[in-house]
$ cat entry.txt   # compact mmCIF, C-alpha atoms
# COMPACT_ATOMS: atom_id res chain seq x y z
CA MET A 1 0.03 43.12 12.77
CA SER A 2 2.44 43.45 9.85
CA GLU A 3 1.84 41.43 6.74
CA GLU A 4 5.02 39.41 7.28
CA LYS A 5 4.02 38.54 10.84
CA ALA A 6 0.55 37.50 9.66
CA GLN A 7 2.12 35.21 7.04
CA ILE A 8 4.33 33.58 9.67
CA GLU A 9 1.32 33.08 11.96
CA GLU A 10 -0.59 31.44 9.09
CA LYS A 11 2.35 29.13 8.37
CA VAL A 12 2.68 28.19 12.06
CA LYS A 13 -1.02 27.23 12.05
CA LYS A 14 -0.50 25.06 8.96
CA ALA A 15 2.58 23.46 10.54
CA SER A 16 0.65 22.57 13.70
CA GLN A 17 -2.20 21.07 11.65
CA LEU A 18 0.25 19.02 9.60
CA LEU A 19 2.07 17.74 12.67
CA PHE A 20 -0.93 17.11 14.90
CA LEU A 21 -3.31 15.46 12.41
CA ARG A 22 -2.18 11.92 11.67
CA ARG A 23 -2.84 11.18 8.03
CA HIS A 24 -0.49 8.22 7.60
CA ARG A 25 0.07 4.98 9.46
CA ASN A 26 2.98 6.59 11.28
CA PRO A 27 2.89 9.80 13.30
CA GLY A 28 4.62 12.93 12.05
CA VAL A 29 5.37 14.31 8.62
CA SER A 30 8.30 14.02 6.29
CA GLU A 31 10.57 16.90 5.36
CA TRP A 32 9.24 17.16 1.79
CA GLU A 33 5.65 17.60 3.03
CA LEU A 34 6.71 20.45 5.31
CA LYS A 35 8.72 22.05 2.50
CA LYS A 36 5.79 21.80 0.12
CA VAL A 37 3.31 23.44 2.48
CA LEU A 38 5.55 25.86 4.42
CA GLY A 39 8.26 26.63 1.87
CA SER A 40 12.02 26.39 2.14
CA ASP A 41 12.06 28.30 5.45
CA TYR A 42 10.11 25.50 7.13
CA ARG A 43 12.75 25.07 9.85
CA ALA A 44 12.24 28.67 11.02
CA ILE A 45 8.47 28.03 11.17
CA ILE A 46 9.04 24.82 13.16
CA LYS A 47 11.22 26.82 15.56
CA VAL A 48 8.38 29.32 16.17
CA LEU A 49 5.89 26.46 16.61
CA ASN A 50 8.28 24.78 19.05
CA GLU A 51 8.37 27.94 21.18
CA LYS A 52 4.55 27.96 21.30
CA LEU A 53 4.39 24.24 22.13
CA ASP A 54 6.94 24.61 24.92
CA SER A 55 4.38 26.19 27.24
CA LEU A 56 2.12 23.14 26.70
CA GLY A 57 4.89 20.69 27.59
CA LEU A 58 5.27 19.51 23.99
CA THR A 59 8.12 19.67 21.51
CA VAL A 60 8.83 19.00 17.84
CA LYS A 61 11.43 16.29 17.31
CA GLU A 62 13.39 15.51 14.17
CA VAL A 63 14.38 11.91 13.53
CA MET A 64 15.80 10.01 10.55
CA HIS A 65 13.27 7.63 9.00
CA GLU A 66 14.35 5.54 6.00
CA GLY A 67 17.31 7.87 5.55
CA LYS A 68 15.19 11.05 5.44
CA PRO A 69 14.28 13.55 8.18
CA ARG A 70 10.84 13.15 9.74
CA PHE A 71 9.25 15.56 12.21
CA LEU A 72 6.83 14.66 14.98
CA ILE A 73 5.43 16.19 18.15
CA THR A 74 6.28 14.46 21.41
CA ILE A 75 5.76 15.17 25.08
CA LYS A 76 8.64 17.29 26.39
CA GLY A 77 10.38 15.35 29.13
CA LYS A 78 8.68 12.32 30.59
CA PRO A 79 4.93 11.68 31.06
CA SER A 80 3.42 12.53 34.40
CA PHE A 81 4.18 9.96 37.06
CA ASP A 82 0.45 9.66 37.83
CA LEU A 83 -0.45 8.50 34.34
CA GLU A 84 -1.05 4.80 34.01
CA PRO A 85 1.61 3.31 31.72
CA SER A 86 -0.15 2.63 28.41
CA LEU A 87 0.51 3.81 24.89
CA GLY A 88 -2.05 3.36 22.12
CA TRP A 89 -2.60 -0.38 21.82
CA MET A 90 0.29 -1.08 24.21
CA ARG A 91 -0.54 -1.89 27.79
CA ILE A 92 1.96 -2.57 30.55
CA ASP A 93 2.95 -6.06 29.34
CA SER A 94 3.49 -4.89 25.74
CA LEU A 95 5.59 -2.00 27.05
CA ALA A 96 7.59 -4.56 29.06
CA ALA A 97 8.18 -6.64 25.91
CA LEU A 98 9.39 -3.56 24.04
CA ALA A 99 11.67 -2.68 26.97
CA MET A 100 13.12 -6.22 26.83
CA ALA A 101 13.68 -6.10 23.07
CA LEU A 102 15.29 -2.65 23.19
CA ALA A 103 17.49 -3.55 26.19
CA PHE A 104 18.65 -6.74 24.46
CA ILE A 105 19.46 -4.91 21.22
CA THR A 106 21.18 -2.13 23.16
CA ALA A 107 23.28 -4.63 25.10
CA HIS A 108 24.37 -6.13 21.76
CA GLY A 109 25.62 -2.86 20.35
CA GLY A 110 22.48 -1.72 18.50
CA ARG A 111 21.66 -4.81 16.47
CA ALA A 112 20.82 -8.44 17.19
CA PRO A 113 19.70 -11.46 15.15
CA PRO A 114 15.88 -11.91 15.11
CA THR A 115 16.11 -15.45 16.52
CA GLU A 116 18.10 -14.24 19.54
CA VAL A 117 15.74 -11.34 20.26
CA GLU A 118 12.70 -13.62 19.98
CA SER A 119 14.31 -16.30 22.13
CA PHE A 120 15.12 -13.65 24.79
CA LEU A 121 11.48 -12.51 24.87
CA GLU A 122 10.28 -16.10 25.05
CA GLY A 123 11.84 -16.15 28.53
CA LYS A 124 8.81 -14.15 29.71
CA PHE A 125 6.18 -14.49 26.94
CA ALA A 126 4.60 -17.34 24.98
CA ARG A 127 6.10 -17.87 21.50
CA SER A 128 2.90 -16.89 19.66
CA ARG A 129 2.63 -13.67 21.69
CA VAL A 130 6.29 -12.84 20.99
CA ARG A 131 5.67 -13.15 17.23
CA ALA A 132 2.62 -10.86 17.41
CA LEU A 133 4.41 -8.29 19.57
CA ILE A 134 7.53 -8.17 17.38
CA GLU A 135 5.38 -7.74 14.26
CA ALA A 136 3.54 -4.86 15.92
CA PHE A 137 6.80 -3.21 17.07
CA LEU A 138 8.18 -3.48 13.51
CA ARG A 139 4.93 -2.13 12.01
CA ASP A 140 4.88 0.86 14.38
CA GLY A 141 8.56 1.68 13.82
CA TYR A 142 9.75 0.86 17.34
CA LEU A 143 12.02 -1.83 15.85
CA GLU A 144 13.55 -2.01 12.37
CA VAL A 145 15.11 -4.72 10.25
CA GLY A 146 18.64 -3.70 9.21
CA LYS A 147 20.12 -4.42 5.80
CA GLY A 148 21.73 -7.62 7.09
CA GLY A 149 18.42 -8.86 8.52
CA ALA A 150 19.23 -7.98 12.16
CA TYR A 151 16.72 -6.23 14.41
CA GLU A 152 17.74 -2.67 15.20
CA VAL A 153 16.36 0.17 17.32
CA GLY A 154 13.55 1.71 15.22
CA TRP A 155 13.18 5.37 14.22
CA ARG A 156 10.23 5.84 16.57
CA SER A 157 12.16 4.44 19.55
CA LYS A 158 14.94 6.90 18.71
CA ALA A 159 12.40 9.74 18.73
CA GLU A 160 10.42 8.71 21.80
CA ILE A 161 12.67 6.65 24.08
CA ASP A 162 15.75 7.68 26.03
CA LEU A 163 17.71 4.42 25.78
CA ALA A 164 20.35 5.53 28.28
CA GLU A 165 17.62 6.33 30.81
CA LEU A 166 15.93 2.97 30.15
CA ALA A 167 19.21 1.09 30.70
CA ARG A 168 19.90 3.11 33.86
CA ARG A 169 16.43 2.35 35.26
CA ILE A 170 16.73 -1.36 34.47
CA ILE A 171 20.21 -1.74 35.96
CA SER A 172 19.36 0.33 39.05
CA SER A 173 16.36 -1.90 39.76
CA GLU A 174 18.63 -4.96 39.93
CA PRO A 175 19.26 -6.02 43.56
CA ARG A 176 23.00 -5.68 44.15
CA SER A 177 24.53 -9.15 44.22
CA ALA A 178 28.07 -10.12 45.20
CA PHE A 179 28.78 -10.39 41.47
CA SER A 180 27.64 -6.84 40.64
CA GLU A 181 29.41 -5.50 43.76
CA ASN A 182 32.64 -7.01 42.48
CA LEU A 183 32.03 -5.46 39.06
CA SER A 184 31.57 -1.97 40.43
CA GLN A 185 34.34 -2.01 43.05
CA PRO A 186 38.02 -1.74 42.12
CA SER A 187 40.07 -4.69 43.23
CA MET B 1 45.02 -20.08 2.83
CA SER B 2 44.20 -19.16 -0.80
CA PHE B 3 43.40 -15.64 -1.94
CA GLU B 4 39.80 -16.67 -2.78
CA ASN B 5 39.41 -18.05 0.71
CA ILE B 6 40.49 -14.77 2.32
CA ARG B 7 38.04 -12.78 0.22
CA GLU B 8 35.21 -15.22 0.92
CA ARG B 9 35.94 -15.17 4.62
CA ILE B 10 35.88 -11.36 4.68
CA LEU B 11 32.56 -11.28 2.80
CA ASP B 12 31.13 -13.96 5.11
CA ALA B 13 32.27 -12.08 8.22
CA TYR B 14 30.71 -8.86 6.93
CA LYS B 15 27.38 -10.65 6.33
CA LYS B 16 27.43 -12.10 9.87
CA ILE B 17 28.24 -8.68 11.35
CA GLU B 18 25.40 -7.01 9.43
CA ALA B 19 23.05 -9.79 10.61
CA GLY B 20 24.05 -9.01 14.20
CA GLU B 21 25.49 -12.51 14.68
CA THR B 22 29.07 -11.36 15.35
CA SER B 23 30.61 -8.28 16.89
CA PRO B 24 32.38 -6.07 14.33
CA PHE B 25 35.31 -5.94 16.73
CA SER B 26 35.85 -9.69 16.48
CA TRP B 27 37.38 -9.29 13.03
CA ASP B 28 41.03 -8.30 12.41
CA VAL B 29 40.51 -5.57 9.80
CA ARG B 30 44.16 -4.48 9.63
CA GLY B 31 45.41 -8.08 9.22
CA SER B 32 42.81 -8.82 6.52
CA ALA B 33 43.72 -5.66 4.57
CA GLN B 34 47.38 -6.62 4.76
CA ALA B 35 46.61 -10.16 3.54
CA LEU B 36 44.55 -8.82 0.63
CA ARG B 37 47.38 -6.52 -0.43
CA GLU B 38 49.99 -9.29 -0.24
CA GLU B 39 47.88 -11.85 -2.09
CA LEU B 40 46.81 -9.64 -5.01
CA SER B 41 48.83 -10.68 -8.09
CA PRO B 42 51.05 -8.06 -9.76
CA ASN B 43 48.94 -8.09 -12.94
CA PRO B 44 45.37 -8.82 -11.82
CA ASP B 45 42.68 -9.42 -14.43
CA ARG B 46 39.27 -7.70 -14.44
CA ASP B 47 37.45 -10.42 -12.45
CA GLU B 48 40.17 -10.51 -9.82
CA LEU B 49 39.98 -6.74 -9.42
CA ILE B 50 36.19 -6.88 -9.03
CA ASP B 51 36.47 -9.59 -6.34
CA ASP B 52 39.21 -7.59 -4.62
CA ALA B 53 37.01 -4.46 -4.66
CA ARG B 54 34.14 -6.45 -3.12
CA ALA B 55 36.40 -7.65 -0.29
CA VAL B 56 37.74 -4.13 0.32
CA ASN B 57 34.16 -2.82 0.33
CA ALA B 58 33.23 -5.49 2.92
CA LEU B 59 36.21 -4.47 5.07
CA SER B 60 35.12 -0.83 4.93
CA GLY B 61 31.63 -2.02 5.89
CA ILE B 62 33.10 -3.75 8.95
CA VAL B 63 34.92 -0.55 9.92
CA GLY B 64 31.62 1.34 9.42
CA ALA B 65 29.83 -1.16 11.70
CA GLN B 66 32.56 -0.65 14.35
CA GLY B 67 32.00 3.12 14.16
CA ARG B 68 28.23 2.75 14.44
CA GLU B 69 28.58 0.44 17.46
CA ILE B 70 30.95 2.84 19.25
CA GLU B 71 28.58 5.74 18.51
CA PHE B 72 25.56 3.74 19.69
CA MET B 73 27.21 2.52 22.90
CA ALA B 74 28.45 6.04 23.67
CA SER B 75 25.02 7.60 23.12
CA SER B 76 23.21 4.95 25.15
CA SER B 77 25.83 5.15 27.97
CA ILE B 78 25.95 1.37 28.34
CA LEU B 79 28.91 0.54 30.53
CA ASN B 80 28.09 -3.10 31.16
CA PRO B 81 25.91 -4.85 28.51
CA PHE B 82 26.07 -8.15 30.38
CA LEU B 83 24.64 -6.58 33.54
CA LEU B 84 21.84 -4.94 31.54
CA GLU B 85 20.80 -8.24 29.97
CA LYS B 86 20.94 -10.02 33.32
CA ALA B 87 18.89 -7.27 35.02
CA VAL B 88 16.15 -7.56 32.37
CA GLN B 89 15.89 -11.29 33.02
CA ASN B 90 15.45 -10.71 36.75
CA MET B 91 12.81 -7.97 36.47
CA ASP B 92 9.08 -8.60 36.48
CA LEU B 93 6.93 -7.35 33.59
CA GLU B 94 5.30 -4.55 35.51
CA LYS B 95 8.65 -3.02 36.51
CA LEU B 96 9.98 -3.38 32.96
CA GLY B 97 6.91 -1.68 31.52
CA GLU B 98 7.18 1.11 34.06
CA ALA B 99 10.91 1.55 33.35
CA LEU B 100 10.14 2.04 29.66
CA TRP B 101 7.19 4.33 30.37
CA ARG B 102 9.33 6.56 32.56
CA SER B 103 12.08 6.69 29.93
CA MET B 104 9.90 7.84 27.07
CA SER B 105 8.44 11.00 25.61
CA PRO B 106 5.49 9.59 23.59
CA SER B 107 4.55 11.20 20.29
CA VAL B 108 1.34 13.21 20.23
CA ASP B 109 -1.17 13.34 17.40
CA LEU B 110 -4.86 13.46 16.64
CA GLN B 111 -6.63 10.78 14.66
CA GLN B 112 -9.74 11.94 12.86
CA ALA B 113 -11.75 10.52 9.99
CA MET B 114 -11.04 12.73 6.98
CA THR B 115 -13.48 13.08 4.07
CA ASP B 116 -11.10 11.24 1.74
CA ALA B 117 -10.85 8.34 4.16
CA LEU B 118 -14.65 8.19 4.47
CA ILE B 119 -15.06 8.13 0.67
CA ALA B 120 -12.47 5.36 0.38
CA ALA B 121 -14.07 3.42 3.25
CA SER B 122 -17.44 3.49 1.47
CA THR B 123 -15.88 1.39 -1.33
CA TRP B 124 -15.13 -1.45 1.11
CA SER B 125 -16.79 -4.61 -0.02
CA PRO B 126 -17.53 -7.58 2.26
CA THR B 127 -16.64 -9.97 -0.59
CA LYS B 128 -13.47 -8.27 -1.82
CA LYS B 129 -12.51 -7.28 1.74
CA ARG B 130 -10.40 -4.41 0.49
CA ILE B 131 -10.69 -0.68 0.19
CA THR B 132 -10.30 0.80 -3.25
CA TRP B 133 -8.03 3.79 -2.97
CA SER B 134 -7.81 5.74 -6.18
CA LYS B 135 -5.44 8.58 -6.96
CA HIS B 136 -8.43 10.87 -7.10
CA GLN B 137 -9.48 9.87 -3.58
CA ILE B 138 -6.09 10.07 -1.89
CA LYS B 139 -5.44 13.76 -1.86
CA GLU B 140 -2.42 14.81 0.12
CA LEU B 141 -3.09 17.62 2.56
CA PRO B 142 -0.75 20.01 0.74
CA LYS B 143 -2.78 19.53 -2.47
CA THR B 144 -6.22 19.85 -0.89
CA ARG B 145 -5.05 22.57 1.53
CA VAL B 146 -6.17 22.55 5.10
CA LYS B 147 -9.83 23.56 5.17
CA LYS B 148 -10.34 26.79 6.99
CA GLU B 149 -12.28 26.36 10.20
CA GLU B 150 -14.70 29.19 9.34
CA ASP B 151 -15.55 27.56 5.95
CA PHE B 152 -16.41 24.32 7.68
CA ALA B 153 -18.42 26.04 10.43
CA LYS B 154 -20.35 27.94 7.74
CA LYS B 155 -21.25 24.66 6.02
CA VAL B 156 -22.46 23.18 9.31
CA ASP B 157 -24.54 26.34 9.92
CA GLU B 158 -26.09 26.04 6.45
CA ILE B 159 -27.05 22.39 6.83
CA VAL B 160 -28.57 23.02 10.29
CA GLU B 161 -30.60 25.90 8.82
CA GLU B 162 -31.70 23.68 5.92
CA LEU B 163 -32.82 21.05 8.41
CA ARG B 164 -34.68 23.69 10.43
CA GLN B 165 -36.65 24.72 7.33
CA ALA B 166 -37.25 21.15 6.17
CA SER B 167 -38.41 19.88 9.55
CA ASP B 168 -40.82 22.69 10.42
CA HIS B 169 -40.48 21.74 14.11
CA GLY B 170 -40.88 18.05 13.32
CA GLU B 171 -38.62 15.13 12.50
CA VAL B 172 -36.95 14.41 9.18
CA ASP B 173 -35.86 11.04 7.81
CA TYR B 174 -32.05 11.00 8.12
CA VAL B 175 -31.30 8.96 4.98
CA GLN B 176 -33.65 11.04 2.81
CA PHE B 177 -32.15 14.24 4.16
CA ILE B 178 -28.51 13.34 3.49
CA ARG B 179 -29.41 12.02 0.02
CA LYS B 180 -30.51 15.48 -1.09
CA GLY B 181 -26.94 16.27 -2.12
CA ASN B 182 -23.49 14.78 -1.64
CA ALA B 183 -24.56 12.11 0.89
CA LEU B 184 -21.12 11.58 2.41
CA GLU B 185 -20.41 15.26 2.87
CA ARG B 186 -23.89 15.90 4.30
CA ALA B 187 -23.58 12.93 6.68
CA TYR B 188 -20.16 14.23 7.76
CA LEU B 189 -21.56 17.73 8.45
CA ILE B 190 -24.62 16.37 10.27
CA SER B 191 -22.37 14.24 12.49
CA PHE B 192 -20.62 17.42 13.66
CA ALA B 193 -23.96 19.18 14.23
CA VAL B 194 -25.16 16.18 16.31
CA THR B 195 -21.95 16.14 18.37
CA ASP B 196 -22.27 19.88 18.85
CA GLY B 197 -25.81 19.43 20.19
CA ARG B 198 -27.47 21.50 17.45
CA VAL B 199 -29.23 18.49 15.91
CA LEU B 200 -30.94 15.65 17.77
CA LEU B 201 -30.74 12.17 16.31
CA ASP B 202 -33.17 9.36 17.16
CA VAL B 203 -33.18 5.72 16.14
CA ASP B 204 -36.51 3.85 16.30
CA PRO B 205 -35.69 0.60 18.12
CA LEU B 206 -38.30 -1.42 16.20
CA SER B 207 -38.03 -0.18 12.64
CA GLY B 208 -34.42 1.03 12.86
CA LYS B 209 -35.50 4.26 11.15
CA VAL B 210 -33.15 7.14 11.86
CA THR B 211 -34.63 10.62 12.24
CA ILE B 212 -33.10 14.02 12.90
CA ARG B 213 -34.48 17.33 14.13
CA PRO B 214 -33.02 20.67 15.12
CA SER B 215 -32.36 21.00 18.81
CA PRO B 216 -34.11 23.89 20.60
CA ARG B 217 -30.96 24.47 22.67
CA ARG B 218 -27.37 23.42 22.20
CA VAL B 219 -26.55 20.33 24.27
CA ARG B 220 -23.24 18.64 23.54
CA THR B 221 -23.77 14.93 23.14
CA ASN B 222 -22.16 11.78 21.79
CA VAL B 223 -24.29 9.42 19.74
CA SER B 224 -23.06 6.13 18.34
CA MET B 225 -25.12 4.55 15.59
CA VAL B 226 -24.53 1.78 13.12
CA LEU B 227 -25.38 2.40 9.48
CA SER B 228 -25.64 -0.61 7.21
CA LEU B 229 -22.97 -0.38 4.55
CA GLU B 230 -25.05 -2.50 2.16
CA GLU B 231 -28.01 -0.18 2.66
CA LEU B 232 -25.94 2.92 2.03
CA LEU B 233 -24.40 1.41 -1.10
CA ASN B 234 -27.89 0.48 -2.35
CA GLU B 235 -29.01 4.03 -1.66
CA ARG B 236 -26.01 5.32 -3.57
CA ARG B 237 -26.75 3.06 -6.53
CA LYS B 238 -30.40 4.15 -6.51
CA SER B 239 -29.48 7.83 -6.42
CA SER B 240 -26.89 7.45 -9.21
CA ASN B 241 -29.35 5.60 -11.53

$ encode --input "entry.txt" --output "structure tokens"
Amino acid sequence: MSEEKAQIEEKVKKASQLLFLRRHRNPGVSEWELKKVLGSDYRAIIKVLNEKLDSLGLTVKEVMHEGKPRFLITIKGKPSFDLEPSLGWMRIDSLAALAMALAFITAHGGRAPPTEVESFLEGKFARSRVRALIEAFLRDGYLEVGKGGAYEVGWRSKAEIDLAELARRIISSEPRSAFSENLSQPS
Amino acid sequence: MSFENIRERILDAYKKIEAGETSPFSWDVRGSAQALREELSPNPDRDELIDDARAVNALSGIVGAQGREIEFMASSSILNPFLLEKAVQNMDLEKLGEALWRSMSPSVDLQQAMTDALIAASTWSPTKKRITWSKHQIKELPKTRVKKEEDFAKKVDEIVEELRQASDHGEVDYVQFIRKGNALERAYLISFAVTDGRVLLDVDPLSGKVTIRPSPRRVRTNVSMVLSLEELLNERRKSSN
């Protein structure tokens, strides 16, 4: 193995350790950390790592977090259908609450006042539970507070969730009523 | 309407749009810009110019919000927001959760106790209820460098060999053994040797005494044990005095 190839292999190992081992509250690493450890050609190293991860059904994603690029490893595509829906501390009802919040914000053009989002969730959850869930979603980066105080889609939702797919799944599950028939058919 | 009123209304509209209370498309940007231009006096003073600049900045913010909303709606392919909201209300929680689950690619990472975190955790006090993180303790991975696997394995080998010699086919008191050097590092290494099945760990149910001994054959095992923080801190104080 040439010396250059060995150096690249060493850097790919370091990149995988940086990306896999969670050392902060949030998953992934920021651009400056990658630059510091891998050097200015970190994107080329990430590309090589991505090719290796592809065979495992994983991928490296880049997302903007607080105005700066952040890199994290996610499952490529969607999780296996057989897996029970749960994610870290989130079980099916917490996932449902996040789906509601994201759908509401999406329907309002990407931002919505906190009171309206909370009131929407209170349609299916107790007020105290809504507070706790929203706090957890904000803490984990699934929701964000915009500069005007509105709730927005968080950086982690942008990295992990296909909002168009979520909207499509929600709308397609709706039984077709006379109202929705009229909406979809030309007069 | 006075000039001040127009500027205030523009600023107020911008605030409401940023707070998500109003759609950015509900505001007549072109008409407001025209009104600002017409109302500005021919020889404006410094304060008037500053207020005018604020209003123009707010108008550009509204245009920016319109752009972001168009971009967002286009990327999320939402054709009918009203239908989406209505559908959410009619769905049960299980179906909503499943819809989200099947629309996501969750992030993947490993969570492991690092030496720095263990050192910081040992400073936790039941009275202060806080962990003292010092700059010395929080070493970023790039500074400390990722420890090479073979270095770590070598250290585990060494501590298992040390235990083998110390035990002479018998048991050794766990606390005394880890106190022979850097207690935290030795406890960390022993924990890996126990998990790897190279060291057997026993806890006497009556006295609570923890003993370790080398395993004759490697059997992978998981052992959970509770160590008293107060006891460990006392041990640390004793060893430092």

$ interface_residues --input "entry.txt" --of "chain B" --to "chain A" --cutoff "6 Å" --atoms "all atoms listed in the file" --output "PyMOL selection string"
chain B and resi 18-21+69+76-77+81+84+87+93+96-97+99-101+103-111+142

$ atom_distance --input "entry.txt" --atom1 "CA of Ile212 (chain B)" --atom2 "CA of Glu171 (chain B)"
5.6 Å

$ residues_around --input "entry.txt" --residues "Val63 (chain B)" --least-positions-apart "6" --cutoff "10 Å" --atoms "only C-alpha atoms" --output "list in words"
Tyr14, Pro24, Phe25, Trp27, Val29, Asn57 and Glu69 of chain B

$ atom_distance --input "entry.txt" --atom1 "CA of Phe72 (chain B)" --atom2 "CA of Ser23 (chain B)"
13.3 Å

$ atom_distance --input "entry.txt" --atom1 "CA of Ile159 (chain B)" --atom2 "CA of Ala193 (chain B)"
8.6 Å

$ closest_residue --input "entry.txt" --among "A:Ala15, A:Val130, A:Val29, A:Ile8" --to "Arg70 (chain A)" --atoms "only C-alpha atoms"
A:Val29
